[in-house]
$ cat input.json   # JSON, C-alpha atoms
[["chain", "number", "residue", "atom", "x", "y", "z"],
["D", 24, "MET", "CA", -57.60, -68.33, -245.57],
["D", 25, "PRO", "CA", -56.57, -71.53, -243.70],
["D", 26, "ASN", "CA", -55.13, -71.08, -240.21],
["D", 27, "ILE", "CA", -53.15, -73.18, -237.76],
["D", 28, "ILE", "CA", -56.38, -74.52, -236.17],
["D", 29, "ASP", "CA", -57.48, -75.89, -239.56],
["D", 30, "VAL", "CA", -54.13, -77.67, -239.95],
["D", 31, "ALA", "CA", -54.34, -79.19, -236.47],
["D", 32, "LYS", "CA", -57.90, -80.48, -237.00],
["D", 33, "LYS", "CA", -57.19, -82.06, -240.37],
["D", 34, "ALA", "CA", -53.91, -83.62, -239.21],
["D", 35, "GLY", "CA", -55.49, -84.89, -235.99],
["D", 36, "VAL", "CA", -52.94, -83.27, -233.73],
["D", 37, "GLY", "CA", -52.81, -80.39, -231.27],
["D", 38, "ILE", "CA", -52.01, -76.80, -232.19],
["D", 39, "ALA", "CA", -48.78, -77.04, -230.19],
["D", 40, "THR", "CA", -47.62, -79.94, -232.40],
["D", 41, "VAL", "CA", -48.30, -77.94, -235.57],
["D", 42, "SER", "CA", -46.38, -75.02, -234.07],
["D", 43, "ARG", "CA", -43.39, -77.24, -233.33],
["D", 44, "VAL", "CA", -43.39, -78.49, -236.93],
["D", 45, "ILE", "CA", -43.66, -74.98, -238.38],
["D", 46, "ASN", "CA", -40.96, -73.54, -236.14],
["D", 47, "ASN", "CA", -38.77, -76.65, -236.23],
["D", 48, "SER", "CA", -38.61, -76.56, -232.43],
["D", 49, "GLY", "CA", -39.09, -79.45, -230.03],
["D", 50, "TYR", "CA", -39.47, -83.15, -230.79],
["D", 51, "VAL", "CA", -42.12, -84.41, -233.22],
["D", 52, "LYS", "CA", -42.23, -88.01, -234.48],
["D", 53, "LYS", "CA", -41.30, -88.29, -238.14],
["D", 54, "GLU", "CA", -44.64, -89.74, -239.22],
["D", 55, "THR", "CA", -46.49, -86.97, -237.37],
["D", 56, "ARG", "CA", -44.26, -84.30, -238.89],
["D", 57, "ASP", "CA", -44.79, -85.75, -242.37],
["D", 58, "ARG", "CA", -48.57, -85.77, -241.87],
["D", 59, "VAL", "CA", -48.65, -82.16, -240.67],
["D", 60, "GLU", "CA", -46.47, -80.99, -243.53],
["D", 61, "GLN", "CA", -48.69, -82.84, -246.01],
["D", 62, "VAL", "CA", -51.81, -81.10, -244.62],
["D", 63, "ILE", "CA", -50.05, -77.72, -244.81],
["D", 64, "ARG", "CA", -49.38, -78.33, -248.50],
["D", 65, "GLU", "CA", -52.87, -79.62, -249.20],
["D", 66, "ILE", "CA", -54.80, -76.73, -247.68],
["D", 67, "GLY", "CA", -52.29, -74.03, -248.60],
["D", 68, "TYR", "CA", -51.62, -72.81, -245.09],
["D", 69, "VAL", "CA", -49.05, -69.96, -244.92],
["D", 70, "PRO", "CA", -47.61, -69.22, -241.45],
["D", 71, "ASN", "CA", -47.74, -65.62, -240.31],
["D", 72, "GLU", "CA", -44.02, -64.77, -240.39],
["D", 73, "ILE", "CA", -44.45, -61.50, -238.49],
["D", 74, "ALA", "CA", -46.27, -63.20, -235.63],
["D", 75, "ARG", "CA", -43.73, -66.01, -235.57],
["D", 76, "SER", "CA", -40.79, -63.61, -235.44],
["D", 77, "MET", "CA", -42.36, -61.66, -232.58],
["D", 78, "THR", "CA", -43.08, -64.83, -230.61],
["D", 79, "LEU", "CA", -39.66, -66.37, -231.15],
["D", 80, "GLN", "CA", -37.77, -63.06, -231.20],
["D", 81, "LYS", "CA", -36.30, -64.33, -234.46],
["D", 82, "ASN", "CA", -36.56, -63.14, -238.04],
["D", 83, "ASN", "CA", -34.78, -66.20, -239.47],
["D", 84, "ILE", "CA", -32.43, -63.90, -241.35],
["D", 85, "VAL", "CA", -28.64, -64.00, -241.03],
["D", 86, "ALA", "CA", -26.33, -61.41, -242.59],
["D", 87, "PHE", "CA", -22.97, -62.35, -244.11],
["D", 88, "LEU", "CA", -20.60, -59.37, -244.25],
["D", 89, "LEU", "CA", -17.66, -60.20, -246.48],
["D", 90, "PRO", "CA", -14.89, -58.06, -248.00],
["D", 91, "ASN", "CA", -14.76, -59.19, -251.62],
["D", 92, "SER", "CA", -17.40, -61.35, -253.27],
["D", 93, "THR", "CA", -15.23, -61.83, -256.39],
["D", 94, "HIS", "CA", -12.59, -63.71, -254.40],
["D", 95, "LEU", "CA", -13.13, -67.32, -255.44],
["D", 96, "PHE", "CA", -12.72, -68.90, -252.02],
["D", 97, "PHE", "CA", -14.99, -66.30, -250.42],
["D", 98, "GLY", "CA", -17.57, -67.09, -253.10],
["D", 99, "GLU", "CA", -17.22, -70.79, -252.33],
["D", 100, "LEU", "CA", -17.60, -70.06, -248.64],
["D", 101, "LEU", "CA", -20.67, -67.90, -249.30],
["D", 102, "PHE", "CA", -22.29, -70.73, -251.24],
["D", 103, "ASN", "CA", -21.76, -73.20, -248.40],
["D", 104, "VAL", "CA", -22.85, -70.80, -245.65],
["D", 105, "GLU", "CA", -26.07, -70.05, -247.54],
["D", 106, "LYS", "CA", -26.75, -73.76, -248.01],
["D", 107, "GLU", "CA", -26.03, -74.63, -244.37],
["D", 108, "LEU", "CA", -28.18, -71.83, -242.99],
["D", 109, "TYR", "CA", -31.05, -72.46, -245.42],
["D", 110, "ASP", "CA", -31.12, -76.06, -244.21],
["D", 111, "ARG", "CA", -31.43, -74.66, -240.68],
["D", 112, "GLY", "CA", -34.37, -72.46, -241.64],
["D", 113, "TYR", "CA", -32.56, -69.16, -242.23],
["D", 114, "LYS", "CA", -32.40, -66.82, -245.22],
["D", 115, "LEU", "CA", -29.05, -65.17, -245.93],
["D", 116, "MET", "CA", -28.49, -61.46, -246.52],
["D", 117, "VAL", "CA", -25.17, -60.72, -248.27],
["D", 118, "CYS", "CA", -23.29, -57.47, -247.60],
["D", 119, "ASN", "CA", -20.18, -56.89, -249.75],
["D", 120, "SER", "CA", -18.00, -54.25, -248.06],
["D", 121, "SER", "CA", -15.29, -53.98, -250.75],
["D", 122, "GLU", "CA", -12.91, -53.95, -247.76],
["D", 123, "GLN", "CA", -14.04, -50.41, -246.86],
["D", 124, "LEU", "CA", -14.49, -49.66, -243.15],
["D", 125, "GLU", "CA", -17.13, -46.99, -243.82],
["D", 126, "LYS", "CA", -19.24, -49.49, -245.75],
["D", 127, "GLU", "CA", -18.93, -52.04, -242.96],
["D", 128, "ILE", "CA", -20.07, -49.44, -240.42],
["D", 129, "ALA", "CA", -23.04, -48.52, -242.62],
["D", 130, "TYR", "CA", -24.02, -52.17, -242.98],
["D", 131, "ILE", "CA", -23.69, -52.80, -239.23],
["D", 132, "ASP", "CA", -25.99, -49.85, -238.51],
["D", 133, "MET", "CA", -28.51, -51.14, -241.04],
["D", 134, "LEU", "CA", -28.40, -54.65, -239.58],
["D", 135, "LYS", "CA", -28.90, -53.33, -236.04],
["D", 136, "ASN", "CA", -32.10, -51.61, -237.14],
["D", 137, "ASN", "CA", -33.38, -54.61, -239.08],
["D", 138, "ARG", "CA", -32.92, -57.07, -236.20],
["D", 139, "VAL", "CA", -31.20, -59.87, -238.08],
["D", 140, "ASP", "CA", -30.71, -62.99, -235.99],
["D", 141, "ALA", "CA", -26.94, -63.05, -236.42],
["D", 142, "ILE", "CA", -24.09, -61.49, -238.37],
["D", 143, "VAL", "CA", -21.31, -63.59, -239.88],
["D", 144, "MET", "CA", -18.36, -61.28, -240.42],
["D", 145, "LEU", "CA", -15.20, -61.62, -242.47],
["D", 146, "THR", "CA", -13.15, -58.45, -242.09],
["D", 147, "ASN", "CA", -9.67, -57.11, -241.47],
["D", 148, "ASN", "CA", -10.83, -53.60, -240.60],
["D", 149, "ASP", "CA", -10.89, -52.09, -237.11],
["D", 150, "ILE", "CA", -14.64, -52.68, -236.76],
["D", 151, "GLU", "CA", -14.72, -53.57, -233.05],
["D", 152, "PRO", "CA", -15.49, -50.03, -231.73],
["D", 153, "PHE", "CA", -18.69, -50.01, -233.81],
["D", 154, "LEU", "CA", -20.13, -53.23, -232.42],
["D", 155, "ASN", "CA", -22.17, -53.83, -229.27],
["D", 156, "GLU", "CA", -23.18, -56.80, -227.15],
["D", 157, "SER", "CA", -26.74, -56.83, -228.50],
["D", 158, "LEU", "CA", -25.46, -58.18, -231.82],
["D", 159, "ARG", "CA", -25.01, -61.92, -232.26],
["D", 160, "ILE", "CA", -21.76, -61.96, -234.21],
["D", 161, "ILE", "CA", -19.56, -64.75, -235.50],
["D", 162, "THR", "CA", -16.27, -63.91, -237.18],
["D", 163, "ILE", "CA", -14.19, -65.90, -239.64],
["D", 164, "ASP", "CA", -10.39, -65.89, -239.12],
["D", 165, "ARG", "CA", -10.61, -62.90, -236.78],
["D", 166, "ARG", "CA", -10.42, -62.49, -233.01],
["D", 167, "LEU", "CA", -12.70, -59.89, -231.41],
["D", 168, "LYS", "CA", -13.52, -59.41, -227.73],
["D", 169, "ASN", "CA", -16.36, -61.69, -226.52],
["D", 170, "VAL", "CA", -17.09, -62.85, -230.09],
["D", 171, "PRO", "CA", -16.76, -66.51, -231.18],
["D", 172, "TYR", "CA", -14.81, -67.20, -234.35],
["D", 173, "VAL", "CA", -14.48, -70.01, -236.86],
["D", 174, "THR", "CA", -11.15, -70.61, -238.54],
["D", 175, "SER", "CA", -9.18, -73.31, -240.25],
["D", 176, "ASP", "CA", -6.03, -74.65, -238.57],
["D", 177, "ASN", "CA", -3.83, -72.02, -240.16],
["D", 178, "TYR", "CA", -0.76, -72.86, -238.08],
["D", 179, "MET", "CA", -0.83, -76.52, -239.08],
["D", 180, "GLY", "CA", -1.37, -75.45, -242.68],
["D", 181, "GLY", "CA", 1.89, -73.52, -242.62],
["D", 182, "ARG", "CA", 3.73, -76.48, -241.17],
["D", 183, "LEU", "CA", 2.33, -78.84, -243.80],
["D", 184, "ALA", "CA", 3.48, -76.50, -246.57],
["D", 185, "ALA", "CA", 7.01, -76.34, -245.16],
["D", 186, "ARG", "CA", 7.19, -80.11, -244.75],
["D", 187, "HIS", "CA", 6.24, -80.68, -248.37],
["D", 188, "LEU", "CA", 8.79, -78.19, -249.72],
["D", 189, "ILE", "CA", 11.52, -79.71, -247.55],
["D", 190, "ALA", "CA", 10.61, -83.24, -248.66],
["D", 191, "SER", "CA", 10.65, -82.06, -252.28],
["D", 192, "GLY", "CA", 14.27, -80.96, -251.97],
["D", 193, "CYS", "CA", 13.79, -77.18, -251.76],
["D", 194, "ARG", "CA", 16.62, -75.34, -250.00],
["D", 195, "HIS", "CA", 15.77, -71.63, -250.32],
["D", 196, "MET", "CA", 12.26, -70.78, -249.16],
["D", 197, "MET", "CA", 10.00, -67.76, -249.31],
["D", 198, "PHE", "CA", 6.68, -66.80, -247.74],
["D", 199, "ILE", "CA", 4.41, -64.24, -249.42],
["D", 200, "GLY", "CA", 1.38, -62.85, -247.60],
["D", 201, "ASP", "CA", -0.78, -59.78, -247.11],
["D", 202, "ASP", "CA", -0.96, -60.07, -243.32],
["D", 203, "ALA", "CA", 1.39, -57.22, -242.39],
["D", 204, "GLN", "CA", -1.52, -55.04, -241.27],
["D", 205, "GLY", "CA", -1.19, -56.70, -237.88],
["D", 206, "GLU", "CA", 2.00, -54.69, -237.35],
["D", 207, "TYR", "CA", 0.20, -51.39, -237.78],
["D", 208, "THR", "CA", -3.05, -51.92, -235.86],
["D", 209, "SER", "CA", -4.34, -53.90, -232.89],
["D", 210, "ILE", "CA", -6.10, -56.30, -235.26],
["D", 211, "GLU", "CA", -5.61, -59.96, -234.40],
["D", 212, "THR", "CA", -6.08, -62.30, -237.35],
["D", 213, "GLU", "CA", -5.78, -66.06, -237.41],
["D", 214, "VAL", "CA", -4.46, -65.95, -240.98],
["D", 215, "SER", "CA", -1.00, -64.82, -239.81],
["D", 216, "LYS", "CA", -0.59, -68.25, -238.22],
["D", 217, "ARG", "CA", 0.00, -69.62, -241.72],
["D", 218, "ARG", "CA", 3.26, -67.68, -241.77],
["D", 219, "PHE", "CA", 4.17, -68.59, -238.17],
["D", 220, "GLY", "CA", 3.64, -72.30, -238.77],
["D", 221, "PHE", "CA", 5.66, -72.20, -241.99],
["D", 222, "PHE", "CA", 8.72, -70.59, -240.42],
["D", 223, "ASP", "CA", 8.52, -72.62, -237.22],
["D", 224, "GLU", "CA", 8.63, -75.83, -239.25],
["D", 225, "LEU", "CA", 11.57, -74.57, -241.33],
["D", 226, "LYS", "CA", 13.49, -73.59, -238.19],
["D", 227, "ALA", "CA", 12.82, -77.01, -236.66],
["D", 228, "HIS", "CA", 14.60, -78.53, -239.65],
["D", 229, "GLY", "CA", 17.53, -76.11, -239.54],
["D", 230, "TYR", "CA", 16.51, -73.86, -242.42],
["D", 231, "THR", "CA", 17.60, -70.26, -241.94],
["D", 232, "ASP", "CA", 18.07, -69.07, -245.52],
["D", 233, "THR", "CA", 14.49, -67.90, -245.95],
["D", 234, "LEU", "CA", 12.72, -64.77, -247.16],
["D", 235, "ASN", "CA", 9.59, -63.32, -245.59],
["D", 236, "ILE", "CA", 7.55, -60.92, -247.75],
["D", 237, "GLU", "CA", 4.75, -59.24, -245.85],
["D", 238, "TYR", "CA", 2.76, -56.39, -247.32],
["D", 239, "PRO", "CA", -0.25, -54.46, -245.99],
["D", 240, "LEU", "CA", -3.67, -55.81, -246.85],
["D", 241, "GLY", "CA", -4.46, -55.28, -250.50],
["D", 242, "ASN", "CA", -7.58, -56.54, -252.21],
["D", 243, "TYR", "CA", -7.02, -60.27, -251.51],
["D", 244, "ILE", "CA", -6.26, -60.99, -255.16],
["D", 245, "PHE", "CA", -3.58, -58.74, -256.69],
["D", 246, "ILE", "CA", -0.24, -58.37, -254.99],
["D", 247, "PRO", "CA", 2.04, -55.30, -255.17],
["D", 248, "PRO", "CA", 4.37, -55.28, -258.21],
["D", 249, "TYR", "CA", 7.47, -55.00, -256.04],
["D", 250, "VAL", "CA", 6.81, -58.51, -254.71],
["D", 251, "HIS", "CA", 7.49, -59.89, -258.18],
["D", 252, "ASP", "CA", 10.67, -57.78, -258.31],
["D", 253, "ILE", "CA", 11.87, -59.38, -255.06],
["D", 254, "ILE", "CA", 11.22, -62.87, -256.45],
["D", 255, "ARG", "CA", 13.13, -62.01, -259.62],
["D", 256, "ASP", "CA", 16.03, -60.52, -257.62],
["D", 257, "HIS", "CA", 16.43, -63.78, -255.69],
["D", 258, "PRO", "CA", 16.96, -66.47, -258.34],
["D", 259, "GLU", "CA", 18.08, -68.93, -255.65],
["D", 260, "ILE", "CA", 14.49, -69.24, -254.34],
["D", 261, "ASP", "CA", 13.14, -72.70, -255.17],
["D", 262, "GLY", "CA", 10.20, -73.04, -252.76],
["D", 263, "ILE", "CA", 7.40, -70.54, -252.12],
["D", 264, "PHE", "CA", 4.40, -70.71, -249.78],
["D", 265, "THR", "CA", 1.72, -68.06, -250.28],
["D", 266, "ILE", "CA", -1.08, -66.93, -248.01],
["D", 267, "SER", "CA", -3.80, -67.93, -250.51],
["D", 268, "ASP", "CA", -4.41, -69.65, -253.83],
["D", 269, "ALA", "CA", -5.14, -66.25, -255.37],
["D", 270, "VAL", "CA", -1.63, -65.06, -254.52],
["D", 271, "ALA", "CA", -0.15, -68.40, -255.58],
["D", 272, "ALA", "CA", -1.80, -68.14, -259.01],
["D", 273, "GLU", "CA", -0.34, -64.70, -259.64],
["D", 274, "VAL", "CA", 3.10, -65.80, -258.43],
["D", 275, "VAL", "CA", 3.07, -68.84, -260.74],
["D", 276, "LEU", "CA", 2.10, -66.73, -263.74],
["D", 277, "ASN", "CA", 4.86, -64.18, -263.14],
["D", 278, "ILE", "CA", 7.53, -66.80, -262.47],
["D", 279, "GLU", "CA", 6.73, -68.49, -265.78],
["D", 280, "ARG", "CA", 6.63, -65.16, -267.63],
["D", 281, "ASN", "CA", 10.18, -64.56, -266.40],
["D", 282, "GLY", "CA", 11.41, -67.80, -267.95],
["D", 283, "LYS", "CA", 11.35, -70.22, -265.03],
["D", 284, "ARG", "CA", 9.29, -73.40, -264.76],
["D", 285, "VAL", "CA", 6.81, -74.35, -262.05],
["D", 286, "PRO", "CA", 7.32, -76.78, -260.36],
["D", 287, "GLU", "CA", 10.61, -77.85, -261.98],
["D", 288, "ASP", "CA", 12.57, -74.70, -261.04],
["D", 289, "VAL", "CA", 10.34, -73.19, -258.35],
["D", 290, "LYS", "CA", 7.71, -75.00, -256.32],
["D", 291, "VAL", "CA", 4.68, -72.95, -255.22],
["D", 292, "ILE", "CA", 2.07, -73.85, -252.59],
["D", 293, "GLY", "CA", -1.10, -71.87, -251.97],
["D", 294, "TYR", "CA", -3.76, -71.97, -249.29],
["D", 295, "ASP", "CA", -7.50, -72.60, -249.69],
["D", 296, "GLY", "CA", -7.67, -75.96, -251.44],
["D", 297, "GLY", "CA", -6.53, -75.51, -255.03],
["D", 298, "ARG", "CA", -10.06, -75.92, -256.37],
["D", 299, "SER", "CA", -9.98, -72.60, -258.20],
["D", 300, "PHE", "CA", -7.65, -70.96, -260.71],
["D", 301, "LEU", "CA", -7.78, -73.88, -263.13],
["D", 302, "ASN", "CA", -7.25, -71.30, -265.91],
["D", 303, "LEU", "CA", -3.57, -71.54, -265.00],
["D", 304, "GLY", "CA", -3.50, -74.74, -266.99],
["D", 305, "LYS", "CA", -2.40, -76.62, -263.88],
["D", 306, "LYS", "CA", -3.92, -77.27, -260.48],
["D", 307, "ILE", "CA", -2.38, -75.33, -257.62],
["D", 308, "THR", "CA", -0.76, -77.40, -254.89],
["D", 309, "SER", "CA", -2.45, -76.08, -251.77],
["D", 310, "ILE", "CA", -3.38, -76.37, -248.13],
["D", 311, "GLY", "CA", -7.07, -77.20, -248.15],
["D", 312, "GLN", "CA", -9.55, -75.63, -245.77],
["D", 313, "SER", "CA", -13.07, -76.97, -246.00],
["D", 314, "PRO", "CA", -15.76, -74.34, -246.72],
["D", 315, "GLU", "CA", -18.40, -76.98, -245.93],
["D", 316, "LYS", "CA", -17.02, -77.61, -242.44],
["D", 317, "ILE", "CA", -16.54, -73.89, -241.77],
["D", 318, "ALA", "CA", -20.17, -73.29, -242.78],
["D", 319, "GLU", "CA", -21.31, -76.15, -240.55],
["D", 320, "LYS", "CA", -19.50, -74.66, -237.54],
["D", 321, "ILE", "CA", -21.06, -71.26, -238.25],
["D", 322, "GLY", "CA", -24.51, -72.87, -238.25],
["D", 323, "GLU", "CA", -23.77, -74.60, -234.94],
["D", 324, "LEU", "CA", -22.64, -71.35, -233.30],
["D", 325, "ILE", "CA", -25.80, -69.53, -234.42],
["D", 326, "GLN", "CA", -27.88, -72.33, -232.91],
["D", 327, "ASN", "CA", -25.82, -72.15, -229.71],
["D", 328, "TYR", "CA", -26.68, -68.45, -229.38],
["D", 329, "TYR", "CA", -30.38, -69.35, -229.18],
["D", 330, "ASP", "CA", -29.91, -72.51, -227.12],
["D", 331, "ARG", "CA", -27.78, -70.53, -224.64],
["D", 332, "LYS", "CA", -24.95, -73.01, -225.02],
["D", 333, "PRO", "CA", -21.24, -72.12, -224.69],
["D", 334, "LEU", "CA", -19.93, -70.09, -227.63],
["D", 335, "GLU", "CA", -16.55, -71.72, -228.15],
["D", 336, "ASN", "CA", -14.13, -70.84, -230.93],
["D", 337, "GLN", "CA", -14.05, -73.45, -233.69],
["D", 338, "VAL", "CA", -10.88, -74.61, -235.46],
["D", 339, "VAL", "CA", -11.44, -76.72, -238.58],
["D", 340, "PRO", "CA", -8.68, -79.19, -239.63],
["D", 341, "VAL", "CA", -6.80, -78.67, -242.89],
["D", 342, "GLU", "CA", -5.31, -81.13, -245.35],
["D", 343, "PHE", "CA", -2.53, -81.10, -247.92],
["D", 344, "CYS", "CA", -3.97, -81.01, -251.45],
["D", 345, "HIS", "CA", -1.63, -82.37, -254.10],
["D", 346, "GLY", "CA", -1.50, -80.35, -257.29],
["D", 347, "GLU", "CA", 0.86, -79.52, -260.13],
["D", 348, "THR", "CA", 2.78, -76.52, -258.77],
["D", 349, "ALA", "CA", 4.86, -78.19, -256.03]]
$ encode --input "input.json" --output "structure tokens"
Amino acid sequence: MPNIIDVAKKAGVGIATVSRVINNSGYVKKETRDRVEQVIREIGYVPNEIARSMTLQKNNIVAFLLPNSTHLFFGELLFNVEKELYDRGYKLMVCNSSEQLEKEIAYIDMLKNNRVDAIVMLTNNDIEPFLNESLRIITIDRRLKNVPYVTSDNYMGGRLAARHLIASGCRHMMFIGDDAQGEYTSIETEVSKRRFGFFDELKAHGYTDTLNIEYPLGNYIFIPPYVHDIIRDHPEIDGIFTISDAVAAEVVLNIERNGKRVPEDVKVIGYDGGRSFLNLGKKITSIGQSPEKIAEKIGELIQNYYDRKPLENQVVPVEFCHGETA
């Protein structure tokens, strides 16, 4: 079986150069790298992954712990995180917690024992007591002690939604979101800033006739039936901002089932980018967060762990995405 010495001899380089190419560490001129990689293919050399992981103290495996893999934006995010990390030399392990704390704890224990290089975590559970400093963790939209997070600019997203509804002539606004769990636990989530930004912008323009519907975390997709009852009981509402496109889609469907038109009678704005839920027959007007940029920032933070660089929180800009619901 060919070994690293065989590769070095045939490529006319030192063993250290071959090692740098294999491990993607240190500078190697492009033509030298290409020559080494060509020799590796030609002679069928397979690096010893166990030896490499022991030497580098890396397994090149990252775990992604997410709450609901059927949520369309989470699926989109998963796709981009896997692509970004694969390009950086990592394989991705997916752990779907179904939003259950006990499953998250079980996965964390498993990941501790299997020495993954990092854990990317998207959760609204009180998981912090079950973590320790030996784990390289990055969270999405969640603040934990001594843990870097990546988030979109949720506050600006809320302000952009309010500005659009105001400019569109709406006078009676409503926010709908499943972020009320923050009132009942010590959990700090960046997602609530969507609501704060929305109402701050409305107040800045003198709007006080607004409704705020907050309900405890559900399953990210289906909202409690009483929310639809509240919308129906307030026929004056003509502008709604929701915490996600998934919620926006359900709101649009129920408004139209009750005889009103979207956007003619009620304008609805979601959050995520409006790329999904095309089965509505119309594209959701939305605040767009970029799963590609979020994935890129996650990749940079993982690299910073190993390069011993500062682990700073990352806020990704958002943009207003024009659609057909507002």
$ residues_around --input "input.json" --residues "Gly293 in chain D" --least-positions-apart "4" --cutoff "9 Å" --atoms "only C-alpha atoms" --output "PDB file with C-alpha atoms, in the coordinates of the input"
ATOM      1  CA  ALA D 184       3.480 -76.500-246.570  1.00  0.00           C
ATOM      2  CA  ILE D 263       7.400 -70.540-252.120  1.00  0.00           C
ATOM      3  CA  PHE D 264       4.400 -70.710-249.780  1.00  0.00           C
ATOM      4  CA  THR D 265       1.720 -68.060-250.280  1.00  0.00           C
ATOM      5  CA  ILE D 266      -1.080 -66.930-248.010  1.00  0.00           C
ATOM      6  CA  SER D 267      -3.800 -67.930-250.510  1.00  0.00           C
ATOM      7  CA  ASP D 268      -4.410 -69.650-253.830  1.00  0.00           C
ATOM      8  CA  ALA D 269      -5.140 -66.250-255.370  1.00  0.00           C
ATOM      9  CA  VAL D 270      -1.630 -65.060-254.520  1.00  0.00           C
ATOM     10  CA  ALA D 271      -0.150 -68.400-255.580  1.00  0.00           C
ATOM     11  CA  ALA D 272      -1.800 -68.140-259.010  1.00  0.00           C
ATOM     12  CA  GLY D 297      -6.530 -75.510-255.030  1.00  0.00           C
ATOM     13  CA  ILE D 307      -2.380 -75.330-257.620  1.00  0.00           C
ATOM     14  CA  THR D 308      -0.760 -77.400-254.890  1.00  0.00           C
ATOM     15  CA  SER D 309      -2.450 -76.080-251.770  1.00  0.00           C
ATOM     16  CA  ILE D 310      -3.380 -76.370-248.130  1.00  0.00           C
ATOM     17  CA  GLY D 311      -7.070 -77.200-248.150  1.00  0.00           C
TER      18      GLY D 311
END
$ closest_residue --input "input.json" --among "D:Lys316, D:Gly200, D:Leu88, D:Gly181" --to "Asn148 in chain D" --atoms "only C-alpha atoms"
D:Leu88
$ residues_around --input "input.json" --residues "range 319-321 of chain D" --least-positions-apart "4" --cutoff "10 Å" --atoms "only C-alpha atoms" --output "list in words"
Asn103, Val104, Lys106, Glu107, Leu108, Val143, Ile161, Thr162, Ile163, Pro171, Tyr172, Val173, Thr174, Ser313, Pro314, Glu315, Ile325, Gln326, Asn327, Asn336, Gln337, Val338 and Val339 of chain D
$ residues_around --input "input.json" --residues "Ile128 in chain D" --least-positions-apart "2" --cutoff "12 Å" --atoms "all atoms listed in the file" --output "number ranges by chain"
D: 88, 118-120, 122-126, 130-135, 144, 146, 148-154
$ closest_residue --input "input.json" --among "D:Ile142, D:Leu100, D:Val274, D:Ala349" --to "Pro248 in chain D" --atoms "all atoms listed in the file"
D:Val274
$ closest_residue --input "input.json" --among "D:Val170, D:Asn177, D:Ala39, D:Glu279" --to "Pro340 in chain D" --atoms "only C-alpha atoms"
D:Asn177
$ closest_residue --input "input.json" --among "D:Ser42, D:Arg64, D:Arg159, D:Ala34" --to "Tyr328 in chain D" --atoms "all atoms listed in the file"
D:Arg159
$ atom_distance --input "input.json" --atom1 "CA of Gly35 in chain D" --atom2 "CA of Tyr50 in chain D"
16.9 Å
$ closest_residue --input "input.json" --among "D:Ile254, D:Met179, D:Ala190, D:Val289" --to "Glu342 in chain D" --atoms "all atoms listed in the file"
D:Met179
$ atom_distance --input "input.json" --atom1 "CA of Val341 in chain D" --atom2 "CA of Asp201 in chain D"
20.3 Å
$ closest_residue --input "input.json" --among "D:Val117, D:Val44, D:Arg111, D:Ala141" --to "Asp57 in chain D" --atoms "only C-alpha atoms"
D:Val44
$ atom_distance --input "input.json" --atom1 "CA of Phe221 in chain D" --atom2 "CA of Lys306 in chain D"
21.4 Å
$ residues_near_point --input "input.json" --point "(-24.8, -64.7, -252.4)" --cutoff "8 Å" --atoms "only C-alpha atoms" --output "ChimeraX atom specification"
/D:98,101-102,105,115-117
$ residues_around --input "input.json" --residues "Ile260 in chain D" --least-positions-apart "2" --cutoff "6 Å" --atoms "all atoms listed in the file" --output "NGL selection string"
:D and (195-196 or 257-258 or 262)
$ write_last_selection --input "input.json" --atoms "C-alpha atoms" --output "CSV table (one decimal), keeping the file's coordinate frame"
chain,number,residue,atom,x,y,z
D,195,HIS,CA,15.8,-71.6,-250.3
D,196,MET,CA,12.3,-70.8,-249.2
D,257,HIS,CA,16.4,-63.8,-255.7
D,258,PRO,CA,17.0,-66.5,-258.3
D,262,GLY,CA,10.2,-73.0,-252.8
$ residues_around --input "input.json" --residues "Asp256 in chain D" --least-positions-apart "6" --cutoff "12 Å" --atoms "all atoms listed in the file" --output "list in words"
Leu234, Tyr249, Val250, Ile278 and Asn281 of chain D
$ build_atoms --input "input.json" --residues "range 191-199 of chain D" --atoms "N, CA and C atoms" --output "tab-separated table (two decimals), in the frame of the given file"
chain	number	residue	atom	x	y	z
D	191	SER	N	10.48	-82.15	-250.82
D	191	SER	CA	10.65	-82.06	-252.28
D	191	SER	C	12.04	-81.58	-252.67
D	192	GLY	N	12.89	-81.33	-251.69
D	192	GLY	CA	14.27	-80.96	-251.97
D	192	GLY	C	14.55	-79.46	-252.06
D	193	CYS	N	13.57	-78.63	-251.71
D	193	CYS	CA	13.79	-77.18	-251.76
D	193	CYS	C	14.77	-76.78	-250.65
D	194	ARG	N	15.62	-75.79	-250.96
D	194	ARG	CA	16.62	-75.34	-250.00
D	194	ARG	C	16.50	-73.85	-249.67
D	195	HIS	N	15.87	-73.07	-250.52
D	195	HIS	CA	15.77	-71.63	-250.32
D	195	HIS	C	14.29	-71.25	-250.41
D	196	MET	N	13.71	-70.94	-249.25
D	196	MET	CA	12.26	-70.78	-249.16
D	196	MET	C	11.84	-69.31	-249.04
D	197	MET	N	10.58	-69.10	-249.39
D	197	MET	CA	10.00	-67.76	-249.31
D	197	MET	C	8.54	-67.87	-248.90
D	198	PHE	N	8.11	-66.94	-248.04
D	198	PHE	CA	6.68	-66.80	-247.74
D	198	PHE	C	6.21	-65.47	-248.28
D	199	ILE	N	5.00	-65.47	-248.89
D	199	ILE	CA	4.41	-64.24	-249.42
D	199	ILE	C	3.00	-64.12	-248.86
